[in-house]
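Text of input_9.pdb, listed as PDB, C-alpha atoms:
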```pdb
ATOM      1  CA  PHE A   1       0.000   0.000   0.000
ATOM      2  CA  GLY A   2       2.939   2.298   0.709
ATOM      3  CA  GLY A   3       4.052   1.776  -2.891
ATOM      4  CA  VAL A   4       0.691   3.076  -4.105
ATOM      5  CA  ILE A   5       1.134   6.243  -2.044
ATOM      6  CA  GLY A   6       4.651   6.716  -3.388
ATOM      7  CA  ALA A   7       3.426   6.295  -6.968
ATOM      8  CA  PHE A   8       0.582   8.720  -6.324
ATOM      9  CA  THR A   9       2.860  11.495  -5.090
ATOM     10  CA  ALA A  10       5.474  10.841  -7.801
ATOM     11  CA  ILE A  11       2.889  11.212 -10.565
ATOM     12  CA  VAL A  12       0.328  13.650  -9.210
ATOM     13  CA  ILE A  13       2.492  16.264  -7.439
ATOM     14  CA  PRO A  14       4.670  17.191 -10.470
ATOM     15  CA  VAL A  15       1.570  17.288 -12.709
ATOM     16  CA  LEU A  16      -0.191  19.637 -10.302
ATOM     17  CA  LEU A  17       2.889  21.816  -9.937
ATOM     18  CA  ILE A  18       2.933  22.256 -13.726
ATOM     19  CA  LYS A  19      -0.812  22.872 -13.805
ATOM     20  CA  TYR A  20      -0.528  25.695 -11.292
ATOM     21  CA  GLY A  21       2.172  27.602 -13.121
ATOM     22  CA  MET A  22       5.548  25.898 -12.722
ATOM     23  CA  GLU A  23       7.603  25.027 -15.777
ATOM     24  CA  LYS A  24       7.835  21.296 -16.534
ATOM     25  CA  SER A  25      11.603  21.190 -16.035
ATOM     26  CA  ASP A  26      11.364  23.157 -12.779
ATOM     27  CA  ALA A  27       8.573  20.933 -11.458
ATOM     28  CA  SER A  28      10.553  17.753 -12.138
ATOM     29  CA  ALA A  29      13.748  19.220 -10.709
ATOM     30  CA  THR A  30      12.038  20.549  -7.578
ATOM     31  CA  PHE A  31      10.257  17.270  -6.904
ATOM     32  CA  GLY A  32      13.494  15.362  -7.475
ATOM     33  CA  ARG A  33      15.437  17.571  -5.073
ATOM     34  CA  VAL A  34      12.819  17.130  -2.377
ATOM     35  CA  THR A  35      12.324  13.362  -2.758
ATOM     36  CA  GLY A  36      15.959  12.569  -3.531
ATOM     37  CA  MET A  37      17.716  14.837  -1.028
ATOM     38  CA  ALA A  38      15.441  16.219   1.690
ATOM     39  CA  MET A  39      13.110  13.257   2.242
ATOM     40  CA  PRO A  40      15.838  10.604   2.706
ATOM     41  CA  LEU A  41      17.366  12.760   5.453
ATOM     42  CA  LEU A  42      13.938  13.387   6.954
ATOM     43  CA  MET A  43      13.237   9.645   7.021
ATOM     44  CA  ALA A  44      16.623   8.769   8.564
ATOM     45  CA  PRO A  45      15.239   8.779  12.150
ATOM     46  CA  THR A  46      12.749   6.058  11.183
ATOM     47  CA  THR A  47      15.727   3.682  10.949
ATOM     48  CA  LEU A  48      16.414   4.194  14.654
ATOM     49  CA  THR A  49      12.728   3.947  15.525
ATOM     50  CA  GLY A  50      12.588   0.729  13.497
ATOM     51  CA  ALA A  51      15.523  -0.608  15.493
ATOM     52  CA  LEU A  52      13.585   0.220  18.644
ATOM     53  CA  SER A  53      10.680  -1.831  17.309
ATOM     54  CA  VAL A  54      12.928  -4.838  16.776
ATOM     55  CA  VAL A  55      14.313  -4.579  20.313
ATOM     56  CA  LEU A  56      11.315  -3.587  22.446
ATOM     57  CA  ILE A  57       8.152  -4.590  20.600
ATOM     58  CA  PRO A  58       8.647  -8.386  21.037
ATOM     59  CA  GLU A  59       8.830  -7.687  24.757
ATOM     60  CA  ILE A  60       5.379  -6.092  24.619
ATOM     61  CA  ALA A  61       4.024  -9.101  22.749
ATOM     62  CA  THR A  62       5.133 -11.446  25.555
ATOM     63  CA  ILE A  63       3.350  -9.481  28.293
ATOM     64  CA  LYS A  64       0.109 -11.039  29.399
ATOM     65  CA  HIS A  65      -2.928  -9.054  28.304
ATOM     66  CA  ASP A  66      -4.281  -8.897  31.852
ATOM     67  CA  ASP A  67      -1.064  -7.249  33.116
ATOM     68  CA  LYS A  68      -2.076  -3.816  31.894
ATOM     69  CA  SER A  69       0.301  -1.882  34.117
ATOM     70  CA  ALA A  70       3.353  -3.655  32.690
ATOM     71  CA  MET A  71       2.057  -3.297  29.152
ATOM     72  CA  SER A  72       1.317   0.395  29.703
ATOM     73  CA  ALA A  73       4.835   1.003  31.019
ATOM     74  CA  ARG A  74       6.436  -0.707  28.011
ATOM     75  CA  ILE A  75       4.239   1.138  25.519
ATOM     76  CA  ASP A  76       4.871   4.499  27.192
ATOM     77  CA  GLY A  77       8.607   3.843  27.183
ATOM     78  CA  SER A  78       8.521   3.011  23.461
ATOM     79  CA  ILE A  79       6.496   6.123  22.641
ATOM     80  CA  ASN A  80       8.834   8.361  24.631
ATOM     81  CA  PHE A  81      11.844   6.830  22.906
ATOM     82  CA  ALA A  82      10.321   7.572  19.489
ATOM     83  CA  ILE A  83       9.681  11.164  20.589
ATOM     84  CA  ILE A  84      13.282  11.491  21.787
ATOM     85  CA  ILE A  85      14.625  10.285  18.424
ATOM     86  CA  ALA A  86      12.395  12.791  16.614
ATOM     87  CA  ALA A  87      13.520  15.585  18.940
ATOM     88  CA  LEU A  88      17.213  14.819  18.393
ATOM     89  CA  PHE A  89      16.889  15.181  14.639
ATOM     90  CA  THR A  90      14.681  18.240  15.012
ATOM     91  CA  ILE A  91      17.472  19.873  16.995
ATOM     92  CA  LEU A  92      19.809  19.069  14.108
ATOM     93  CA  TYR A  93      17.614  19.743  11.079
ATOM     94  CA  ILE A  94      15.800  22.982  11.910
ATOM     95  CA  PRO A  95      18.950  25.116  12.295
ATOM     96  CA  LEU A  96      21.303  23.109  10.054
ATOM     97  CA  GLY A  97      19.161  21.775   7.210
ATOM     98  CA  LYS A  98      20.641  24.071   4.559
ATOM     99  CA  GLU A  99      24.188  23.550   5.804
ATOM    100  CA  ILE A 100      23.816  19.755   5.805
ATOM    101  CA  THR A 101      22.443  19.477   2.267
ATOM    102  CA  THR A 102      24.917  22.041   0.973
ATOM    103  CA  PHE A 103      27.754  19.973   2.428
ATOM    104  CA  VAL A 104      26.371  16.587   1.303
ATOM    105  CA  PHE A 105      24.564  17.418  -1.962
ATOM    106  CA  LYS A 106      25.798  20.925  -2.834
ATOM    107  CA  ASP A 107      22.138  22.020  -2.820
ATOM    108  CA  GLU A 108      20.574  24.703  -0.609
ATOM    109  CA  PHE A 109      16.895  24.389  -1.575
ATOM    110  CA  SER A 110      16.523  20.837  -0.257
ATOM    111  CA  GLY A 111      18.072  21.951   3.040
ATOM    112  CA  VAL A 112      15.673  24.867   3.423
ATOM    113  CA  TYR A 113      12.847  22.426   2.750
ATOM    114  CA  LEU A 114      14.260  20.016   5.337
ATOM    115  CA  SER A 115      14.423  22.750   7.980
ATOM    116  CA  ASN A 116      10.881  23.918   7.282
ATOM    117  CA  VAL A 117       9.307  20.459   7.549
ATOM    118  CA  ALA A 118      11.478  18.995  10.334
ATOM    119  CA  LEU A 119       8.686  19.174  12.917
ATOM    120  CA  MET A 120       6.805  16.472  11.040
ATOM    121  CA  LEU A 121       9.339  14.053  12.541
ATOM    122  CA  TYR A 122       7.161  13.911  15.669
ATOM    123  CA  PRO A 123       3.996  12.531  14.006
ATOM    124  CA  LEU A 124       6.089  10.315  11.722
ATOM    125  CA  GLY A 125       7.903   8.689  14.651
ATOM    126  CA  LEU A 126       4.747   8.365  16.720
ATOM    127  CA  ASN A 127       2.880   6.793  13.822
ATOM    128  CA  GLN A 128       5.671   4.310  13.150
ATOM    129  CA  ILE A 129       6.052   3.132  16.735
ATOM    130  CA  SER A 130       2.312   2.965  17.463
ATOM    131  CA  THR A 131       1.743   0.931  14.284
ATOM    132  CA  SER A 132       4.479  -1.521  15.319
ATOM    133  CA  ILE A 133       2.970  -1.882  18.789
ATOM    134  CA  LEU A 134      -0.486  -2.577  17.369
ATOM    135  CA  ASN A 135       0.980  -5.226  15.065
ATOM    136  CA  SER A 136       2.796  -6.874  17.976
ATOM    137  CA  MET A 137      -0.511  -7.108  19.828
ATOM    138  CA  GLY A 138      -2.195  -8.924  16.961
ATOM    139  CA  LEU A 139      -4.127  -5.878  15.746
ATOM    140  CA  GLU A 140      -2.756  -5.819  12.203
ATOM    141  CA  LYS A 141      -6.147  -5.133  10.603
ATOM    142  CA  LYS A 142      -6.699  -2.166  12.887
ATOM    143  CA  SER A 143      -3.274  -0.706  12.170
ATOM    144  CA  PHE A 144      -3.765  -1.175   8.421
ATOM    145  CA  PHE A 145      -7.139   0.582   8.547
ATOM    146  CA  ASN A 146      -5.595   3.486  10.483
ATOM    147  CA  TYR A 147      -2.759   3.686   7.973
ATOM    148  CA  ALA A 148      -5.246   3.712   5.094
ATOM    149  CA  VAL A 149      -7.169   6.587   6.700
ATOM    150  CA  GLY A 150      -3.937   8.556   7.081
ATOM    151  CA  ALA A 151      -2.990   7.800   3.465
ATOM    152  CA  ALA A 152      -6.370   9.078   2.312
ATOM    153  CA  ILE A 153      -5.747  12.312   4.224
ATOM    154  CA  LEU A 154      -2.358  12.614   2.483
ATOM    155  CA  MET A 155      -4.019  12.326  -0.921
ATOM    156  CA  ILE A 156      -6.714  14.843  -0.031
ATOM    157  CA  LEU A 157      -4.253  17.413   1.325
ATOM    158  CA  ALA A 158      -1.769  17.098  -1.521
ATOM    159  CA  LEU A 159      -2.659  20.580  -2.805
ATOM    160  CA  PRO A 160       0.304  22.205  -4.588
ATOM    161  CA  LYS A 161      -2.009  24.998  -5.730
ATOM    162  CA  TYR A 162      -1.749  26.569  -2.275
ATOM    163  CA  VAL A 163       1.558  25.341  -0.805
ATOM    164  CA  GLY A 164       3.587  24.184  -3.806
ATOM    165  CA  ILE A 165       6.044  21.370  -3.201
ATOM    166  CA  TYR A 166       5.324  21.578   0.532
ATOM    167  CA  ALA A 167       2.109  19.664  -0.214
ATOM    168  CA  VAL A 168       4.163  16.461   0.066
ATOM    169  CA  ALA A 169       5.220  17.233   3.649
ATOM    170  CA  ILE A 170       1.920  18.758   4.769
ATOM    171  CA  GLY A 171      -0.088  15.812   3.447
ATOM    172  CA  GLY A 172       2.331  13.321   4.988
ATOM    173  CA  ALA A 173       2.348  15.085   8.353
ATOM    174  CA  ALA A 174      -1.455  15.361   8.454
ATOM    175  CA  GLY A 175      -1.826  11.698   7.516
ATOM    176  CA  SER A 176       0.629  10.682  10.246
ATOM    177  CA  VAL A 177      -1.199  12.796  12.831
ATOM    178  CA  ILE A 178      -4.525  11.122  12.010
ATOM    179  CA  SER A 179      -3.031   7.616  11.930
ATOM    180  CA  SER A 180      -1.190   8.224  15.203
ATOM    181  CA  PHE A 181      -4.350   9.474  16.884
ATOM    182  CA  LEU A 182      -6.284   6.397  15.762
ATOM    183  CA  ASN A 183      -3.442   4.073  16.785
ATOM    184  CA  LEU A 184      -3.105   5.623  20.241
ATOM    185  CA  ASN A 185      -6.864   5.461  20.735
ATOM    186  CA  ALA A 186      -6.803   1.744  19.899
ATOM    187  CA  LEU A 187      -3.857   1.164  22.252
ATOM    188  CA  ASN A 188      -5.577   3.051  25.039
ATOM    189  CA  LYS A 189      -8.471   0.614  24.856
ATOM    190  CA  LYS A 190      -6.085  -2.289  25.433
ATOM    191  CA  ALA A 191      -3.933  -0.677  28.098
ATOM    192  CA  ARG A 192      -3.999   2.773  29.608
ATOM    193  CA  ILE A 193      -1.201   4.595  27.839
ATOM    194  CA  LEU A 194       0.613   7.878  28.432
ATOM    195  CA  ASP A 195      -0.155   7.569  32.133
ATOM    196  CA  ASN A 196       2.327  10.401  32.676
ATOM    197  CA  PRO A 197       1.836  12.715  29.662
ATOM    198  CA  LYS A 198       4.014  15.381  31.297
ATOM    199  CA  LYS A 199       7.102  13.322  30.458
ATOM    200  CA  THR A 200       6.129  13.070  26.810
ATOM    201  CA  ALA A 201       5.348  16.793  26.635
ATOM    202  CA  LEU A 202       8.643  17.593  28.374
ATOM    203  CA  ALA A 203      10.543  15.455  25.855
ATOM    204  CA  ILE A 204       9.185  17.705  23.105
ATOM    205  CA  LEU A 205       9.531  21.007  24.944
ATOM    206  CA  LEU A 206      13.167  20.394  25.921
ATOM    207  CA  SER A 207      14.127  20.338  22.247
ATOM    208  CA  PHE A 208      13.159  23.961  21.542
ATOM    209  CA  PRO A 209      15.800  25.765  23.651
ATOM    210  CA  LEU A 210      18.376  23.379  22.200
ATOM    211  CA  VAL A 211      17.298  24.310  18.680
ATOM    212  CA  ALA A 212      18.129  27.886  19.690
ATOM    213  CA  LEU A 213      21.507  26.733  21.050
ATOM    214  CA  THR A 214      22.261  24.982  17.764
ATOM    215  CA  CYS A 215      21.484  28.219  15.908
ATOM    216  CA  LEU A 216      23.815  30.140  18.207
ATOM    217  CA  LEU A 217      26.668  27.661  17.785
ATOM    218  CA  LYS A 218      26.144  27.617  14.023
ATOM    219  CA  ASN A 219      26.465  31.396  13.840
ATOM    220  CA  LEU A 220      29.613  31.271  15.959
ATOM    221  CA  LEU A 221      31.358  28.443  14.113
ATOM    222  CA  PHE A 222      30.436  28.601  10.435
ATOM    223  CA  PHE A 223      32.945  30.314   8.154
ATOM    224  CA  LYS A 224      35.511  29.999  10.959
ATOM    225  CA  ILE A 225      36.132  26.248  10.798
ATOM    226  CA  PRO A 226      35.502  23.658   8.032
ATOM    227  CA  PRO A 227      31.776  22.924   7.413
ATOM    228  CA  PHE A 228      31.961  19.282   8.530
ATOM    229  CA  PHE A 229      33.325  20.214  11.954
ATOM    230  CA  ALA A 230      30.963  23.177  12.257
ATOM    231  CA  ILE A 231      27.968  20.882  11.642
ATOM    232  CA  ALA A 232      29.314  18.172  13.950
ATOM    233  CA  ILE A 233      30.017  20.559  16.839
ATOM    234  CA  SER A 234      27.017  22.888  16.542
ATOM    235  CA  GLY A 235      24.658  19.940  16.140
ATOM    236  CA  GLY A 236      26.392  17.386  18.344
ATOM    237  CA  ILE A 237      26.680  19.419  21.557
ATOM    238  CA  PRO A 238      22.961  20.322  21.788
ATOM    239  CA  MET A 239      21.981  16.729  20.927
ATOM    240  CA  LEU A 240      24.148  15.396  23.757
ATOM    241  CA  LEU A 241      22.741  17.990  26.147
ATOM    242  CA  TYR A 242      19.228  16.941  25.148
ATOM    243  CA  LEU A 243      19.988  13.281  25.895
ATOM    244  CA  ALA A 244      21.485  14.257  29.246
ATOM    245  CA  ALA A 245      18.335  16.253  30.076
ATOM    246  CA  CYS A 246      16.117  13.281  29.159
ATOM    247  CA  VAL A 247      18.097  11.059  31.509
ATOM    248  CA  ALA A 248      18.099  13.689  34.270
ATOM    249  CA  PHE A 249      14.326  14.153  34.061
ATOM    250  CA  LYS A 250      13.836  10.370  33.833
ATOM    251  CA  ILE A 251      12.030  10.642  30.535
ATOM    252  CA  PHE A 252      13.932   7.634  29.298
ATOM    253  CA  ASP A 253      15.094   4.687  31.405
ATOM    254  CA  VAL A 254      18.643   4.046  30.209
ATOM    255  CA  THR A 255      19.133   1.057  32.519
ATOM    256  CA  ARG A 256      16.056  -0.765  31.249
ATOM    257  CA  PHE A 257      16.968  -0.025  27.645
ATOM    258  CA  TYR A 258      20.508  -1.338  28.177
ATOM    259  CA  LYS A 259      19.253  -4.522  29.818
ATOM    260  CA  THR A 260      16.700  -5.104  27.072
ATOM    261  CA  THR A 261      19.163  -4.557  24.218
ATOM    262  CA  ARG A 262      21.794  -6.700  25.935
ATOM    263  CA  LYS A 263      19.271  -9.480  26.440
ATOM    264  CA  LYS A 264      18.343  -9.283  22.767
ATOM    265  CA  SER A 265      21.968  -9.381  21.632
ATOM    266  CA  LEU A 266      22.714 -12.371  23.893
ATOM    267  CA  LYS A 267      19.764 -14.259  22.418
ATOM    268  CA  LYS A 268      21.042 -13.575  18.888
ATOM    269  CA  ARG A 269      24.513 -14.734  19.855
ATOM    270  CA  ASP A 270      23.166 -17.931  21.412
ATOM    271  CA  LYS A 271      21.134 -18.673  18.279
ATOM    272  CA  SER A 272      24.167 -18.159  16.062
ATOM    273  CA  LYS A 273      26.115 -20.709  18.116
ATOM    274  CA  GLU A 274      23.436 -23.373  17.704
TER
END
```
Any chance you could give the structure as structure tokens?
Amino acid sequence: FGGVIGAFTAIVIPVLLIKYGMEKSDASATFGRVTGMAMPLLMAPTTLTGALSVVLIPEIATIKHDDKSAMSARIDGSINFAIIIAALFTILYIPLGKEITTFVFKDEFSGVYLSNVALMLYPLGLNQISTSILNSMGLEKKSFFNYAVGAAILMILALPKYVGIYAVAIGGAAGSVISSFLNLNALNKKARILDNPKKTALAILLSFPLVALTCLLKNLLFFKIPPFFAIAISGGIPMLLYLAACVAFKIFDVTRFYKTTRKKSLKKRDKSKE
């Protein structure tokens, strides 16, 4: 089904861009720059969220359905982790989008696009992790229905007439918001989730002052040291500070995550020896 959505955007968006006044060559080039440069970077955090699914979701599947407190704790931990991943890349992309794509692709436009749509990382990550949790609980039909509803929203809101090439991001973000809402509602019926929403809200709010810090460091470092080191330092320091804040405020349980990942790696090693 995801392939259908990809085909839809690849065909319809350039056609609509041309229809509403853009030259054919410009429409193709703009769409290519967005889908070939900005979107791969935007989707990079989903790799980490996917790794989280592999590590933590099987643990949720083994919890007995009547042990709702344990299930709620695992689900909340997974959701907060997905939010943290999204926040880390938001801290990097909003101030440094143009600098990153200029360094990697020698293209500024895709970086400006990346910076402007970086906040959609939150609904994307939440949608991905909530879908994985639903699947692990045997609710594949429900998660597929929710995904289909979100995809329909994407198609409806793909309106280049009003927002140009940003229709791709706006439609995708809106679809992810709707799918996430439906997924979380379904999860809440199985186990009370987000029992402490303040932690989740704090995980998001902590990122904003660190976005400002990244901007400050960028302005101090760029044109004074090589671009690679300027990006690494101005982005890396705020990201590390954000992780430290998450640990300090107990938004994310590092000990539990370490034990879970170690347990998973030991199981893989034991299987390889057999």
Within 12 Å of Val211 in chain A, counting only C-alpha atoms, which residues show up once you throw out same-chain ones fewer than 4 positions away? Write them as a ChimeraX atom specification, please.
/A:87-97,115,118-119,204-207,215-218,234-239,241-242
Give me, as a VMD selection string, all polymer residues having an atom no more than 7 Å from range 98-113 of chain A, counting only C-alpha atoms and skipping those fewer than 3 positions away in the same chain.
chain A and resid 33 to 34 37 to 38 116 to 117
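Using all atoms listed in the file, the nearest neighbour of Leu187 in chain A within the list A:Thr47, A:Ser130, A:Thr9, A:Thr200 is A:Ser130.
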So, with all atoms listed in the file as the atoms that count, which of A:Ala51, A:Pro45, A:Thr131, A:Met155 lies closest to Ile5 in chain A?
A:Met155
Surrounding residues of Leu48 in chain A excluding itself and chain neighbours under 5 positions, 9 Å, only C-alpha atoms, as a PyMOL selection string
chain A and resi 53+82+85
Fewer than 5 positions away in the same chain doesn't count, so skip those; otherwise give me all residues within 12 Å of range 132-139 of chain A, counting all atoms listed in the file, as a PyMOL selection string.
chain A and resi 46+49-65+71-72+74-79+82+125-127+144-147+179-180+182-191+193
So how many Å separate CA of Ala70 in chain A and CA of Pro197 in chain A, to one decimal?
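CA of Ala70 in chain A sits 16.7 Å away from CA of Pro197 in chain A.
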Calculate how many Å separate CA of Pro209 in chain A from CA of Met43 in chain A, rounding to one decimal.
23.3 Å
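Going from CA of Ile129 in chain A over to CA of Ala152 in chain A, you cover 19.9 Å.
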Dig up all the protein and nucleic acid residues within 8 Å of (6.8, 21.9, -2.1) in the file frame, using all atoms listed in the file, and format them as a ChimeraX atom specification.
/A:30-31,34,113,160,163-169
Selection result for the PyMOL selection byres ((chain A and resi 20) around 12) on this file, as a ChimeraX atom specification
/A:13-19,21-24,27,159-165
Nearest to Ala173 in chain A among A:Phe8, A:Phe223, A:Phe81, A:Tyr122, with distances taken over only C-alpha atoms: which residue is it?
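Checking each of A:Phe8, A:Phe223, A:Phe81, A:Tyr122 against Ala173 in chain A, counting only C-alpha atoms, the winner is A:Tyr122.
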